[in-house]
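Q: See data_3.cif below, with mmCIF, C-alpha atoms.
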```
data_upload
#
loop_
_atom_site.label_atom_id
_atom_site.label_comp_id
_atom_site.auth_asym_id
_atom_site.auth_seq_id
_atom_site.Cartn_x
_atom_site.Cartn_y
_atom_site.Cartn_z
CA MET A 1 155.81 24.93 130.44
CA CYS A 2 156.02 23.18 133.77
CA ALA A 3 154.56 19.96 132.38
CA LEU A 4 154.16 16.94 134.63
CA ILE A 5 155.42 13.87 132.82
CA ARG A 6 155.78 10.28 133.92
CA SER A 7 159.52 9.98 134.09
CA THR A 8 162.50 10.44 136.37
CA LEU A 9 162.86 13.47 138.60
CA VAL A 10 165.62 14.84 136.38
CA ARG A 11 163.51 14.42 133.27
CA ARG A 12 160.64 16.25 134.93
CA SER A 13 162.82 19.15 136.01
CA ILE A 14 164.40 19.58 132.58
CA LEU A 15 161.35 19.34 130.39
CA SER A 16 159.19 21.45 132.68
CA ILE A 17 161.06 24.56 131.59
CA THR A 18 159.98 24.68 127.95
CA LEU A 19 158.89 28.28 127.45
CA ILE A 20 155.92 27.64 125.23
CA SER A 21 154.89 24.08 124.75
CA PRO A 22 155.65 21.39 127.32
CA LEU A 23 156.36 17.80 126.37
CA PRO A 24 153.01 16.01 126.34
CA PRO A 25 152.92 12.92 128.54
CA VAL A 26 150.84 11.18 125.85
CA LEU A 27 153.61 10.77 123.27
CA GLN A 28 153.99 7.17 122.21
CA ALA A 29 157.27 5.49 123.15
CA ALA A 30 158.61 5.73 119.61
CA ASP A 31 157.96 9.48 119.59
CA ARG A 32 159.25 10.34 123.04
CA PRO A 33 162.44 12.40 122.81
CA THR A 34 165.44 11.82 125.02
CA PRO A 35 165.71 14.72 127.46
CA PRO A 36 168.92 16.73 127.71
CA ALA A 37 171.30 15.33 130.31
CA ALA A 38 171.56 18.43 132.48
CA ALA A 39 170.24 19.54 135.82
CA ALA A 40 167.68 22.32 136.11
CA PRO A 41 166.50 24.54 138.96
CA ASN A 42 163.36 23.55 140.74
CA LEU A 43 160.06 25.13 139.80
CA ALA A 44 160.05 27.64 142.66
CA GLU A 45 163.46 28.95 141.60
CA LEU A 46 162.28 29.29 138.02
CA ALA A 47 159.20 31.25 139.07
CA ASP A 48 161.31 33.64 141.13
CA ASP A 49 164.09 34.13 138.58
CA PRO A 50 162.84 34.48 134.98
CA VAL A 51 166.33 35.28 133.68
CA LYS A 52 167.70 32.04 135.06
CA PHE A 53 164.65 30.29 133.66
CA LEU A 54 165.48 31.57 130.18
CA GLU A 55 169.20 30.82 130.45
CA VAL A 56 168.68 27.23 131.54
CA ALA A 57 165.95 26.51 129.02
CA ARG A 58 167.96 28.03 126.17
CA LYS A 59 171.01 25.91 126.92
CA ALA A 60 169.42 22.65 128.06
CA LEU A 61 166.95 22.46 125.20
CA LYS A 62 169.43 23.64 122.53
CA TRP A 63 167.42 26.57 121.25
CA ASP A 64 170.38 28.16 119.47
CA GLU A 65 172.05 25.04 118.02
CA PRO A 66 171.75 24.46 114.25
CA ALA A 67 169.68 21.57 112.93
CA GLU A 68 169.38 19.96 109.53
CA PRO A 69 166.39 21.35 107.58
CA ALA A 70 163.90 18.81 106.33
CA LYS A 71 160.58 18.35 104.59
CA ILE A 72 157.78 17.49 106.99
CA VAL A 73 154.65 16.97 104.88
CA GLY A 74 153.14 18.54 101.77
CA PRO A 75 154.36 22.14 101.46
CA ILE A 76 155.60 22.29 105.08
CA TYR A 77 159.31 22.20 105.94
CA PHE A 78 161.32 22.42 109.16
CA VAL A 79 163.99 25.15 109.11
CA GLY A 80 164.54 25.65 112.84
CA THR A 81 167.12 24.76 115.48
CA GLN A 82 167.70 21.69 117.63
CA GLY A 83 165.13 22.92 120.13
CA LEU A 84 162.80 25.29 118.30
CA SER A 85 160.57 24.70 115.31
CA VAL A 86 160.51 27.21 112.49
CA PHE A 87 158.13 26.25 109.68
CA LEU A 88 158.54 27.14 106.02
CA ILE A 89 155.33 26.75 104.03
CA THR A 90 155.93 26.98 100.30
CA THR A 91 153.54 28.14 97.55
CA PRO A 92 153.94 29.00 93.85
CA ASP A 93 153.56 32.71 94.70
CA GLY A 94 156.12 32.86 97.49
CA HIS A 95 156.54 31.43 100.94
CA ILE A 96 155.26 31.71 104.50
CA VAL A 97 157.37 31.37 107.64
CA LEU A 98 155.81 30.63 111.02
CA ASN A 99 158.04 31.33 114.05
CA THR A 100 161.69 32.41 113.82
CA GLY A 101 163.39 31.17 116.99
CA MET A 102 165.69 33.12 119.27
CA PRO A 103 167.33 36.47 118.48
CA GLY A 104 170.24 35.78 116.17
CA SER A 105 168.53 32.87 114.42
CA GLY A 106 167.65 34.78 111.26
CA PRO A 107 170.81 33.96 109.26
CA LEU A 108 170.57 30.30 110.30
CA ILE A 109 166.95 30.11 109.11
CA ALA A 110 167.82 31.77 105.82
CA ALA A 111 170.67 29.29 105.29
CA SER A 112 168.35 26.36 106.01
CA ILE A 113 165.82 27.66 103.50
CA ARG A 114 168.55 27.92 100.85
CA LYS A 115 169.77 24.41 101.67
CA LEU A 116 166.29 23.09 100.84
CA GLY A 117 166.49 24.78 97.45
CA PHE A 118 164.25 27.77 98.20
CA ASP A 119 165.09 31.47 98.24
CA PRO A 120 164.51 33.27 101.56
CA LYS A 121 163.99 36.46 99.57
CA GLU A 122 160.79 34.85 98.30
CA ILE A 123 159.24 34.84 101.78
CA LYS A 124 156.03 36.89 101.54
CA LEU A 125 154.48 36.42 104.99
CA LEU A 126 156.00 36.09 108.46
CA LEU A 127 153.43 34.70 110.90
CA ILE A 128 153.53 34.98 114.68
CA GLY A 129 152.40 32.21 116.99
CA HIS A 130 153.15 34.43 119.93
CA ALA A 131 155.68 37.19 120.46
CA HIS A 132 158.11 35.74 122.99
CA CYS A 133 161.82 36.00 122.26
CA ASP A 134 162.17 32.27 121.49
CA HIS A 135 159.69 32.46 118.59
CA VAL A 136 160.04 35.89 116.98
CA GLY A 137 163.76 36.53 117.42
CA GLY A 138 164.38 36.36 113.68
CA HIS A 139 161.33 38.18 112.36
CA ALA A 140 163.03 41.55 111.94
CA TYR A 141 166.00 39.99 110.15
CA LEU A 142 163.88 38.00 107.69
CA HIS A 143 161.61 40.99 107.15
CA GLU A 144 164.59 43.11 106.16
CA LEU A 145 166.00 40.32 103.97
CA SER A 146 162.80 39.56 102.07
CA GLY A 147 160.43 42.47 102.53
CA ALA A 148 157.83 39.98 103.81
CA LYS A 149 154.82 41.27 105.71
CA ILE A 150 154.71 40.45 109.39
CA VAL A 151 151.27 39.11 110.29
CA ALA A 152 149.81 38.95 113.80
CA LEU A 153 146.53 38.95 115.64
CA LYS A 154 145.54 42.44 116.74
CA GLU A 155 145.91 41.35 120.39
CA GLU A 156 149.63 40.59 119.77
CA GLN A 157 150.52 43.66 117.73
CA GLU A 158 151.65 45.81 120.65
CA LEU A 159 153.87 43.06 122.07
CA MET A 160 155.60 42.47 118.72
CA GLU A 161 156.09 46.14 118.02
CA SER A 162 157.48 46.77 121.50
CA GLY A 163 160.23 44.17 121.11
CA GLY A 164 158.84 42.32 124.13
CA LYS A 165 158.59 45.30 126.46
CA ALA A 166 154.78 45.09 126.56
CA ASP A 167 154.77 41.52 127.86
CA PHE A 168 152.70 41.19 131.03
CA HIS A 169 155.28 38.92 132.71
CA TYR A 170 158.67 39.38 131.03
CA GLY A 171 158.45 42.96 129.79
CA SER A 172 160.82 44.42 132.38
CA TYR A 173 163.59 41.91 131.63
CA SER A 174 165.91 42.97 128.80
CA GLU A 175 167.02 39.34 128.40
CA PHE A 176 163.58 38.56 126.96
CA GLY A 177 163.76 41.33 124.40
CA PHE A 178 163.99 40.97 120.62
CA ASP A 179 164.25 43.28 117.63
CA ALA A 180 160.94 45.08 117.30
CA ALA A 181 159.23 45.15 113.92
CA ALA A 182 156.02 46.62 112.60
CA VAL A 183 153.04 44.33 112.11
CA GLU A 184 151.93 45.15 108.58
CA GLN A 185 148.96 42.80 108.39
CA VAL A 186 146.72 42.69 111.44
CA VAL A 187 144.18 39.87 111.61
CA SER A 188 141.37 38.90 113.94
CA ASP A 189 140.23 35.60 115.36
CA GLY A 190 138.91 33.44 112.51
CA ASP A 191 140.44 35.49 109.70
CA THR A 192 142.03 33.69 106.78
CA ILE A 193 145.49 34.34 105.34
CA GLU A 194 145.92 33.38 101.70
CA LEU A 195 148.94 32.98 99.46
CA GLY A 196 149.47 30.97 96.28
CA GLY A 197 146.31 28.93 96.62
CA LEU A 198 147.00 28.03 100.25
CA THR A 199 144.78 29.24 103.10
CA LEU A 200 145.58 29.40 106.80
CA THR A 201 143.00 30.34 109.41
CA ALA A 202 144.20 32.29 112.45
CA LEU A 203 142.63 31.42 115.80
CA LEU A 204 142.95 33.44 118.99
CA THR A 205 144.27 31.02 121.61
CA ASN A 206 145.57 33.40 124.23
CA GLY A 207 146.63 33.14 127.84
CA HIS A 208 150.29 32.37 127.35
CA THR A 209 150.40 35.85 125.84
CA LYS A 210 147.46 38.18 125.28
CA GLY A 211 147.45 37.46 121.54
CA SER A 212 148.76 33.92 121.09
CA ALA A 213 147.58 32.46 117.79
CA SER A 214 147.05 28.96 116.51
CA TYR A 215 146.76 28.27 112.79
CA VAL A 216 145.01 25.58 110.78
CA MET A 217 145.39 24.69 107.11
CA ASP A 218 144.73 21.90 104.61
CA PHE A 219 146.92 20.45 101.89
CA VAL A 220 146.38 17.76 99.28
CA GLU A 221 148.77 14.88 98.68
CA ASN A 222 148.14 11.90 96.40
CA GLY A 223 144.52 12.92 96.03
CA ARG A 224 143.82 13.07 99.76
CA THR A 225 143.23 16.20 101.82
CA TYR A 226 145.01 16.44 105.17
CA SER A 227 144.31 18.98 107.92
CA VAL A 228 147.18 20.49 109.88
CA ALA A 229 147.07 22.42 113.15
CA PHE A 230 149.79 24.58 114.67
CA PRO A 231 148.44 24.84 118.25
CA ASN A 232 149.73 27.52 120.57
CA GLY A 233 149.06 29.37 123.80
CA THR A 234 148.44 26.63 126.37
CA SER A 235 151.42 26.86 128.73
CA VAL A 236 151.17 28.45 132.16
CA ASN A 237 154.75 29.60 132.69
CA PRO A 238 156.45 29.62 136.09
CA GLY A 239 155.37 32.76 137.86
CA TYR A 240 152.09 33.25 135.98
CA ARG A 241 149.14 33.99 138.27
CA LEU A 242 145.69 32.79 137.22
CA VAL A 243 143.49 33.44 140.26
CA ASN A 244 145.14 35.54 142.95
CA ASP A 245 146.21 38.94 141.66
CA PRO A 246 146.11 37.59 138.08
CA SER A 247 149.00 38.34 135.76
CA TYR A 248 146.55 40.28 133.61
CA PRO A 249 142.78 40.74 133.94
CA GLY A 250 140.99 37.83 132.30
CA ILE A 251 143.98 35.51 131.93
CA LYS A 252 142.12 32.55 133.43
CA GLU A 253 139.14 33.05 131.12
CA ASP A 254 141.47 33.43 128.11
CA PHE A 255 143.12 30.10 128.87
CA GLU A 256 139.71 28.45 129.25
CA SER A 257 138.61 29.80 125.87
CA THR A 258 141.87 28.57 124.33
CA PHE A 259 141.32 25.04 125.52
CA SER A 260 137.76 25.06 124.18
CA THR A 261 138.99 26.25 120.79
CA LEU A 262 141.80 23.71 120.57
CA ALA A 263 139.55 20.87 121.74
CA SER A 264 137.16 21.65 118.89
CA LEU A 265 139.84 20.95 116.25
CA ARG A 266 140.32 17.54 114.64
CA PRO A 267 143.65 17.80 112.80
CA ASP A 268 145.26 14.86 111.06
CA ILE A 269 148.68 16.38 111.81
CA TRP A 270 149.76 18.76 114.57
CA LEU A 271 153.04 20.67 114.71
CA MET A 272 154.39 22.59 117.69
CA PRO A 273 156.83 25.46 118.27
CA HIS A 274 159.07 23.32 120.51
CA ASN A 275 160.55 20.22 118.90
CA GLU A 276 160.36 17.93 121.92
CA ALA A 277 156.66 18.67 122.36
CA TYR A 278 155.68 16.58 119.35
CA GLY A 279 158.73 14.39 118.78
CA LEU A 280 159.94 16.18 115.64
CA PHE A 281 163.20 14.35 115.07
CA GLU A 282 161.75 10.96 115.94
CA ARG A 283 158.93 11.52 113.47
CA LEU A 284 161.36 12.67 110.78
CA GLU A 285 163.28 9.43 111.25
CA ARG A 286 160.11 7.33 111.10
CA ALA A 287 158.96 9.17 107.99
CA LYS A 288 161.92 7.73 106.08
CA THR A 289 160.12 4.38 106.08
CA GLU A 290 156.54 5.27 107.03
CA GLY A 291 156.04 8.38 104.93
CA ILE A 292 153.14 10.60 105.93
CA ARG A 293 151.87 7.96 108.38
CA ALA A 294 154.61 9.05 110.79
CA TRP A 295 152.83 12.40 111.13
CA LEU A 296 149.19 11.28 111.35
CA ASP A 297 148.17 11.53 115.00
CA ARG A 298 144.57 12.58 115.69
CA ASP A 299 144.44 10.65 118.96
CA GLY A 300 147.75 12.10 120.13
CA TYR A 301 146.46 15.61 119.52
CA LYS A 302 143.28 14.96 121.47
CA GLN A 303 145.26 13.51 124.37
CA TRP A 304 147.70 16.41 124.30
CA VAL A 305 144.90 18.98 124.58
CA ALA A 306 143.37 17.02 127.46
CA ALA A 307 146.73 16.84 129.23
CA GLN A 308 147.32 20.57 128.81
CA ARG A 309 143.86 21.33 130.15
CA ALA A 310 144.48 19.07 133.14
CA ARG A 311 147.71 20.94 133.91
CA PHE A 312 145.90 24.24 133.70
CA ASP A 313 143.08 23.03 135.96
CA ALA A 314 145.66 21.79 138.47
CA ALA A 315 147.36 25.20 138.45
CA VAL A 316 144.03 26.92 139.09
CA ALA A 317 143.19 24.51 141.89
CA ASN A 318 146.61 25.01 143.46
CA GLU A 319 146.22 28.79 143.43
CA SER A 320 142.73 28.50 144.85
CA GLN A 321 143.90 26.61 147.93
CA PRO A 322 143.70 28.66 151.12
CA ALA A 323 147.04 29.68 152.50
CA ASP A 324 148.43 27.39 155.20
CA PRO A 325 147.76 28.88 158.63
CA ALA A 326 150.78 29.99 160.60
CA PRO A 327 151.90 27.58 163.35
CA GLU A 328 150.29 28.38 166.66
CA ASN A 329 153.60 29.10 168.36
CA GLN A 330 154.88 31.39 165.57
CA GLY A 331 152.83 34.47 166.36
CA THR A 332 152.04 37.31 163.97
CA LEU A 333 153.30 40.79 163.37
CA LYS A 334 151.10 43.62 164.56
CA GLU A 335 151.14 47.30 163.70
#
```
Turn this file's structure into structure tokens for me.
A:
Amino acid sequence: MCALIRSTLVRRSILSITLISPLPPVLQAADRPTPPAAAAPNLAELADDPVKFLEVARKALKWDEPAEPAKIVGPIYFVGTQGLSVFLITTPDGHIVLNTGMPGSGPLIAASIRKLGFDPKEIKLLLIGHAHCDHVGGHAYLHELSGAKIVALKEEQELMESGGKADFHYGSYSEFGFDAAAVEQVVSDGDTIELGGLTLTALLTNGHTKGSASYVMDFVENGRTYSVAFPNGTSVNPGYRLVNDPSYPGIKEDFESTFSTLASLRPDIWLMPHNEAYGLFERLERAKTEGIRAWLDRDGYKQWVAAQRARFDAAVANESQPADPAPENQGTLKE
């Protein structure tokens, strides 16, 4: 979330607040989004005030603003907002939705699905990348609309069903809450999810939450098979503790396992929950002339994983530094 990018100080401060997936510094110039022209609090303020963190991110990165739905590649469509990706994956036997944006986004998502010519009542599965309010805010609404099963890794079930109250970092803040909904299909790391001849594999990539999931799938177009990854779980949010009094036992090891898992993937195409993280709108524009080539980016994915790992390692190293000794003339308190 607090990504370090080569840019102006303002750009760094704005894009460092993305709740889930920071802007990778490895985006090519043509893919690099223009950051919102607004000031943001510094990192220390964000760590100390999660509510302010959410408010600023939500406004600056346009999480609630409508966006035009569009086909991405194969059976995958974008039906999200200006700042948040919601993916519709269509099949002959019904549809899959991955992520649902902020609370209140459900009707907007349903309208976008209809605008593309599909029926939101034909959604059969609602997948969870991770159960933070900016990615599952519409799950309950779409579940009620369509009767779709909500699917999550077993490690994320409690968080989803608590409406965010079980979150290790944000659980005590009502501003991070969302409508709770029952997880009707619980899966484990490596399990497959099948619908209409399409198969997604769920991968446990936790750390960002205890049950963050990435998904991988293949599709065929013009006789060629393409692999797609929906990576998740890499961001160390402001205020997370990895080493000293860790935010939850094993968080550092979970992140390390996540990076190993993601580094083992070789997707042709990678799609993220936050639009700026993979240059969604720039790629959509390029696709008008380049077609699927606008989305092919194996090297970019590899570089993104490496950059995320480097940020994590830097956070660990920073926490591992010994505390600065008090100045000699300052003295200490004694009992």
Q: Considering only C-alpha atoms, tabulate each residue of segment 40-127 of chain A that lies at most 10 Å from segment 228-249 of chain A along with its nearest interatomic pair and the corresponding distance in Å to one decimal; arrange the rows by chain and ascending residue number and present them as JSON lines.
A:
```
{"residue": "A:Leu43", "atom": "CA", "partner": "A:Pro238", "partner_atom": "CA", "distance": 6.9}
{"residue": "A:Ala44", "atom": "CA", "partner": "A:Pro238", "partner_atom": "CA", "distance": 7.7}
{"residue": "A:Glu45", "atom": "CA", "partner": "A:Pro238", "partner_atom": "CA", "distance": 8.9}
{"residue": "A:Leu46", "atom": "CA", "partner": "A:Pro238", "partner_atom": "CA", "distance": 6.2}
{"residue": "A:Ala47", "atom": "CA", "partner": "A:Gly239", "partner_atom": "CA", "distance": 4.3}
{"residue": "A:Asp48", "atom": "CA", "partner": "A:Gly239", "partner_atom": "CA", "distance": 6.8}
{"residue": "A:Asp49", "atom": "CA", "partner": "A:Gly239", "partner_atom": "CA", "distance": 8.9}
{"residue": "A:Pro50", "atom": "CA", "partner": "A:Pro238", "partner_atom": "CA", "distance": 8.1}
{"residue": "A:Phe53", "atom": "CA", "partner": "A:Pro238", "partner_atom": "CA", "distance": 8.6}
{"residue": "A:Val73", "atom": "CA", "partner": "A:Val228", "partner_atom": "CA", "distance": 9.7}
{"residue": "A:Ile76", "atom": "CA", "partner": "A:Val228", "partner_atom": "CA", "distance": 9.9}
{"residue": "A:Phe87", "atom": "CA", "partner": "A:Phe230", "partner_atom": "CA", "distance": 9.9}
{"residue": "A:Leu98", "atom": "CA", "partner": "A:Phe230", "partner_atom": "CA", "distance": 9.3}
```
Q: Keeping C-alpha atoms, export the residues of the selection given above as a PDB file, keeping the file's coordinate frame.
A:
```
ATOM      1  CA  LEU A  43     160.060  25.130 139.800  1.00  0.00           C
ATOM      2  CA  ALA A  44     160.050  27.640 142.660  1.00  0.00           C
ATOM      3  CA  GLU A  45     163.460  28.950 141.600  1.00  0.00           C
ATOM      4  CA  LEU A  46     162.280  29.290 138.020  1.00  0.00           C
ATOM      5  CA  ALA A  47     159.200  31.250 139.070  1.00  0.00           C
ATOM      6  CA  ASP A  48     161.310  33.640 141.130  1.00  0.00           C
ATOM      7  CA  ASP A  49     164.090  34.130 138.580  1.00  0.00           C
ATOM      8  CA  PRO A  50     162.840  34.480 134.980  1.00  0.00           C
ATOM      9  CA  PHE A  53     164.650  30.290 133.660  1.00  0.00           C
ATOM     10  CA  VAL A  73     154.650  16.970 104.880  1.00  0.00           C
ATOM     11  CA  ILE A  76     155.600  22.290 105.080  1.00  0.00           C
ATOM     12  CA  PHE A  87     158.130  26.250 109.680  1.00  0.00           C
ATOM     13  CA  LEU A  98     155.810  30.630 111.020  1.00  0.00           C
TER      14      LEU A  98
END
```
Q: Using atom CA of Tyr301 of chain A and atom CA of Met217 of chain A as the two end points, give the distance in Å to one decimal.
A: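 Separation between atom CA of Tyr301 of chain A and atom CA of Met217 of chain A: 15.4 Å.
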Q: Could you pull the residues within 8 Å of segment 254-260 of chain A, counting all atoms listed in the file, minus those fewer than 4 positions along the same chain, as a list in words?
A: Leu204, Thr205, Asn206, Gly207, His208, Gly233, Thr234, Gly250, Ser264, Val305 and Arg309 of chain A
Q: Taking (143.7, 17.8, 111.3) as a centre in this file's frame and 7 Å as the limit, can you find every polymer residue with an atom that close, using only C-alpha atoms, and give them as a list in words?
A: Tyr226, Ser227, Val228, Ala229, Arg266, Pro267, Asp268, Ile269, Trp270 and Arg298 of chain A
Q: What separation in Å, quoted to one decimal, exists between atom CA of Ala181 of chain A and atom CA of Ala213 of chain A?
A: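 Calculated distance between atom CA of Ala181 of chain A and atom CA of Ala213 of chain A is 17.7 Å.
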Q: Could you list, as number ranges by chain, every residue matched by the PyMOL selection byres ((chain A and resi 101) around 10) in this structure?
A: A: 63-64, 79-81, 83-86, 98-100, 102-106, 108-109, 132-139, 273-274
Q: Between A:Ala60, A:Val51, A:Ile96, A:Ala166, which has the minimum distance to Glu276 of chain A (counting only C-alpha atoms)?
A: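 Among the listed residues, A:Ala60 lies closest to Glu276 of chain A.
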Q: Please measure the separation of atom CA of Ala294 of chain A and atom CA of Leu271 of chain A, giving the value in Å to one decimal.
A: 12.4 Å
Q: Between A:Lys121, A:Phe176, A:Ile89, A:Ala306, which residue has the minimum interatomic distance to Leu200 of chain A, considering all atoms listed in the file?
A: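 The shortest atom-to-atom distance to Leu200 of chain A comes from A:Ile89.
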Q: Find the residue from A:Glu184, A:Glu175, A:Asp191, A:Glu155 that sits nearest to Ser212 of chain A; use only C-alpha atoms when measuring.
A: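 Among the listed residues, the smallest separation from Ser212 of chain A belongs to A:Glu155.
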Q: So which residues get picked by the PyMOL selection byres ((chain A and resi 75) around 9) here, written as a VMD selection string?
A: chain A and resid 71 to 74 76 to 77 88 to 91 219
Q: Taking into account all atoms listed in the file, which residue in the set A:Ser320, A:Ser172, A:Asn275, A:Thr199 is nearest to Phe78 of chain A?
A: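 Among A:Ser320, A:Ser172, A:Asn275, A:Thr199, it is A:Asn275 that comes nearest to Phe78 of chain A.
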Q: Missing atoms in segment 78-103 of chain A should be modelled up to N, CA and C atoms and reported as a PDB file, in the coordinates of the input.
A:
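Done, and the output landed in out-v4.pdb:
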```pdb
ATOM      1  N   PHE A  78     160.692  21.998 107.905  1.00  0.00           N
ATOM      2  CA  PHE A  78     161.320  22.420 109.160  1.00  0.00           C
ATOM      3  C   PHE A  78     162.617  23.148 108.823  1.00  0.00           C
ATOM      4  N   VAL A  79     162.766  24.382 109.334  1.00  0.00           N
ATOM      5  CA  VAL A  79     163.990  25.150 109.110  1.00  0.00           C
ATOM      6  C   VAL A  79     164.460  25.788 110.419  1.00  0.00           C
ATOM      7  N   GLY A  80     164.240  25.096 111.531  1.00  0.00           N
ATOM      8  CA  GLY A  80     164.540  25.650 112.840  1.00  0.00           C
ATOM      9  C   GLY A  80     165.852  25.167 113.419  1.00  0.00           C
ATOM     10  N   THR A  81     165.923  25.172 114.751  1.00  0.00           N
ATOM     11  CA  THR A  81     167.120  24.760 115.480  1.00  0.00           C
ATOM     12  C   THR A  81     166.854  23.431 116.183  1.00  0.00           C
ATOM     13  N   GLN A  82     167.858  22.967 116.930  1.00  0.00           N
ATOM     14  CA  GLN A  82     167.700  21.690 117.630  1.00  0.00           C
ATOM     15  C   GLN A  82     166.505  21.709 118.593  1.00  0.00           C
ATOM     16  N   GLY A  83     166.183  22.870 119.140  1.00  0.00           N
ATOM     17  CA  GLY A  83     165.130  22.920 120.130  1.00  0.00           C
ATOM     18  C   GLY A  83     163.866  23.638 119.722  1.00  0.00           C
ATOM     19  N   LEU A  84     163.943  24.450 118.663  1.00  0.00           N
ATOM     20  CA  LEU A  84     162.800  25.290 118.300  1.00  0.00           C
ATOM     21  C   LEU A  84     162.377  25.046 116.857  1.00  0.00           C
ATOM     22  N   SER A  85     161.090  24.888 116.650  1.00  0.00           N
ATOM     23  CA  SER A  85     160.570  24.700 115.310  1.00  0.00           C
ATOM     24  C   SER A  85     160.343  26.037 114.619  1.00  0.00           C
ATOM     25  N   VAL A  86     160.838  26.129 113.407  1.00  0.00           N
ATOM     26  CA  VAL A  86     160.510  27.210 112.490  1.00  0.00           C
ATOM     27  C   VAL A  86     159.966  26.523 111.243  1.00  0.00           C
ATOM     28  N   PHE A  87     158.787  26.925 110.792  1.00  0.00           N
ATOM     29  CA  PHE A  87     158.130  26.250 109.680  1.00  0.00           C
ATOM     30  C   PHE A  87     158.141  27.120 108.431  1.00  0.00           C
ATOM     31  N   LEU A  88     158.619  26.531 107.341  1.00  0.00           N
ATOM     32  CA  LEU A  88     158.540  27.140 106.020  1.00  0.00           C
ATOM     33  C   LEU A  88     157.401  26.476 105.271  1.00  0.00           C
ATOM     34  N   ILE A  89     156.464  27.269 104.790  1.00  0.00           N
ATOM     35  CA  ILE A  89     155.330  26.750 104.030  1.00  0.00           C
ATOM     36  C   ILE A  89     155.431  27.347 102.632  1.00  0.00           C
ATOM     37  N   THR A  90     155.636  26.503 101.646  1.00  0.00           N
ATOM     38  CA  THR A  90     155.930  26.980 100.300  1.00  0.00           C
ATOM     39  C   THR A  90     154.662  27.046  99.443  1.00  0.00           C
ATOM     40  N   THR A  91     154.626  28.032  98.531  1.00  0.00           N
ATOM     41  CA  THR A  91     153.540  28.140  97.550  1.00  0.00           C
ATOM     42  C   THR A  91     154.146  28.640  96.238  1.00  0.00           C
ATOM     43  N   PRO A  92     153.416  28.508  95.131  1.00  0.00           N
ATOM     44  CA  PRO A  92     153.940  29.000  93.850  1.00  0.00           C
ATOM     45  C   PRO A  92     154.141  30.500  93.803  1.00  0.00           C
ATOM     46  N   ASP A  93     153.487  31.240  94.712  1.00  0.00           N
ATOM     47  CA  ASP A  93     153.560  32.710  94.700  1.00  0.00           C
ATOM     48  C   ASP A  93     154.447  33.264  95.807  1.00  0.00           C
ATOM     49  N   GLY A  94     155.281  32.431  96.388  1.00  0.00           N
ATOM     50  CA  GLY A  94     156.120  32.860  97.490  1.00  0.00           C
ATOM     51  C   GLY A  94     155.856  32.001  98.712  1.00  0.00           C
ATOM     52  N   HIS A  95     156.535  32.333  99.790  1.00  0.00           N
ATOM     53  CA  HIS A  95     156.540  31.430 100.940  1.00  0.00           C
ATOM     54  C   HIS A  95     156.084  32.109 102.230  1.00  0.00           C
ATOM     55  N   ILE A  96     155.691  31.275 103.178  1.00  0.00           N
ATOM     56  CA  ILE A  96     155.260  31.710 104.500  1.00  0.00           C
ATOM     57  C   ILE A  96     156.220  31.110 105.522  1.00  0.00           C
ATOM     58  N   VAL A  97     156.585  31.884 106.517  1.00  0.00           N
ATOM     59  CA  VAL A  97     157.370  31.370 107.640  1.00  0.00           C
ATOM     60  C   VAL A  97     156.585  31.601 108.921  1.00  0.00           C
ATOM     61  N   LEU A  98     156.463  30.555 109.712  1.00  0.00           N
ATOM     62  CA  LEU A  98     155.810  30.630 111.020  1.00  0.00           C
ATOM     63  C   LEU A  98     156.848  30.363 112.096  1.00  0.00           C
ATOM     64  N   ASN A  99     157.053  31.347 112.972  1.00  0.00           N
ATOM     65  CA  ASN A  99     158.040  31.330 114.050  1.00  0.00           C
ATOM     66  C   ASN A  99     159.447  31.548 113.473  1.00  0.00           C
ATOM     67  N   THR A 100     160.312  32.165 114.275  1.00  0.00           N
ATOM     68  CA  THR A 100     161.690  32.410 113.820  1.00  0.00           C
ATOM     69  C   THR A 100     162.728  32.213 114.909  1.00  0.00           C
ATOM     70  N   GLY A 101     162.394  31.515 115.997  1.00  0.00           N
ATOM     71  CA  GLY A 101     163.390  31.170 116.990  1.00  0.00           C
ATOM     72  C   GLY A 101     163.916  32.360 117.779  1.00  0.00           C
ATOM     73  N   MET A 102     165.070  32.126 118.402  1.00  0.00           N
ATOM     74  CA  MET A 102     165.690  33.120 119.270  1.00  0.00           C
ATOM     75  C   MET A 102     166.323  34.255 118.481  1.00  0.00           C
ATOM     76  N   PRO A 103     166.552  35.411 119.132  1.00  0.00           N
ATOM     77  CA  PRO A 103     167.330  36.470 118.480  1.00  0.00           C
ATOM     78  C   PRO A 103     168.667  35.923 117.983  1.00  0.00           C
TER      79      PRO A 103
END
```
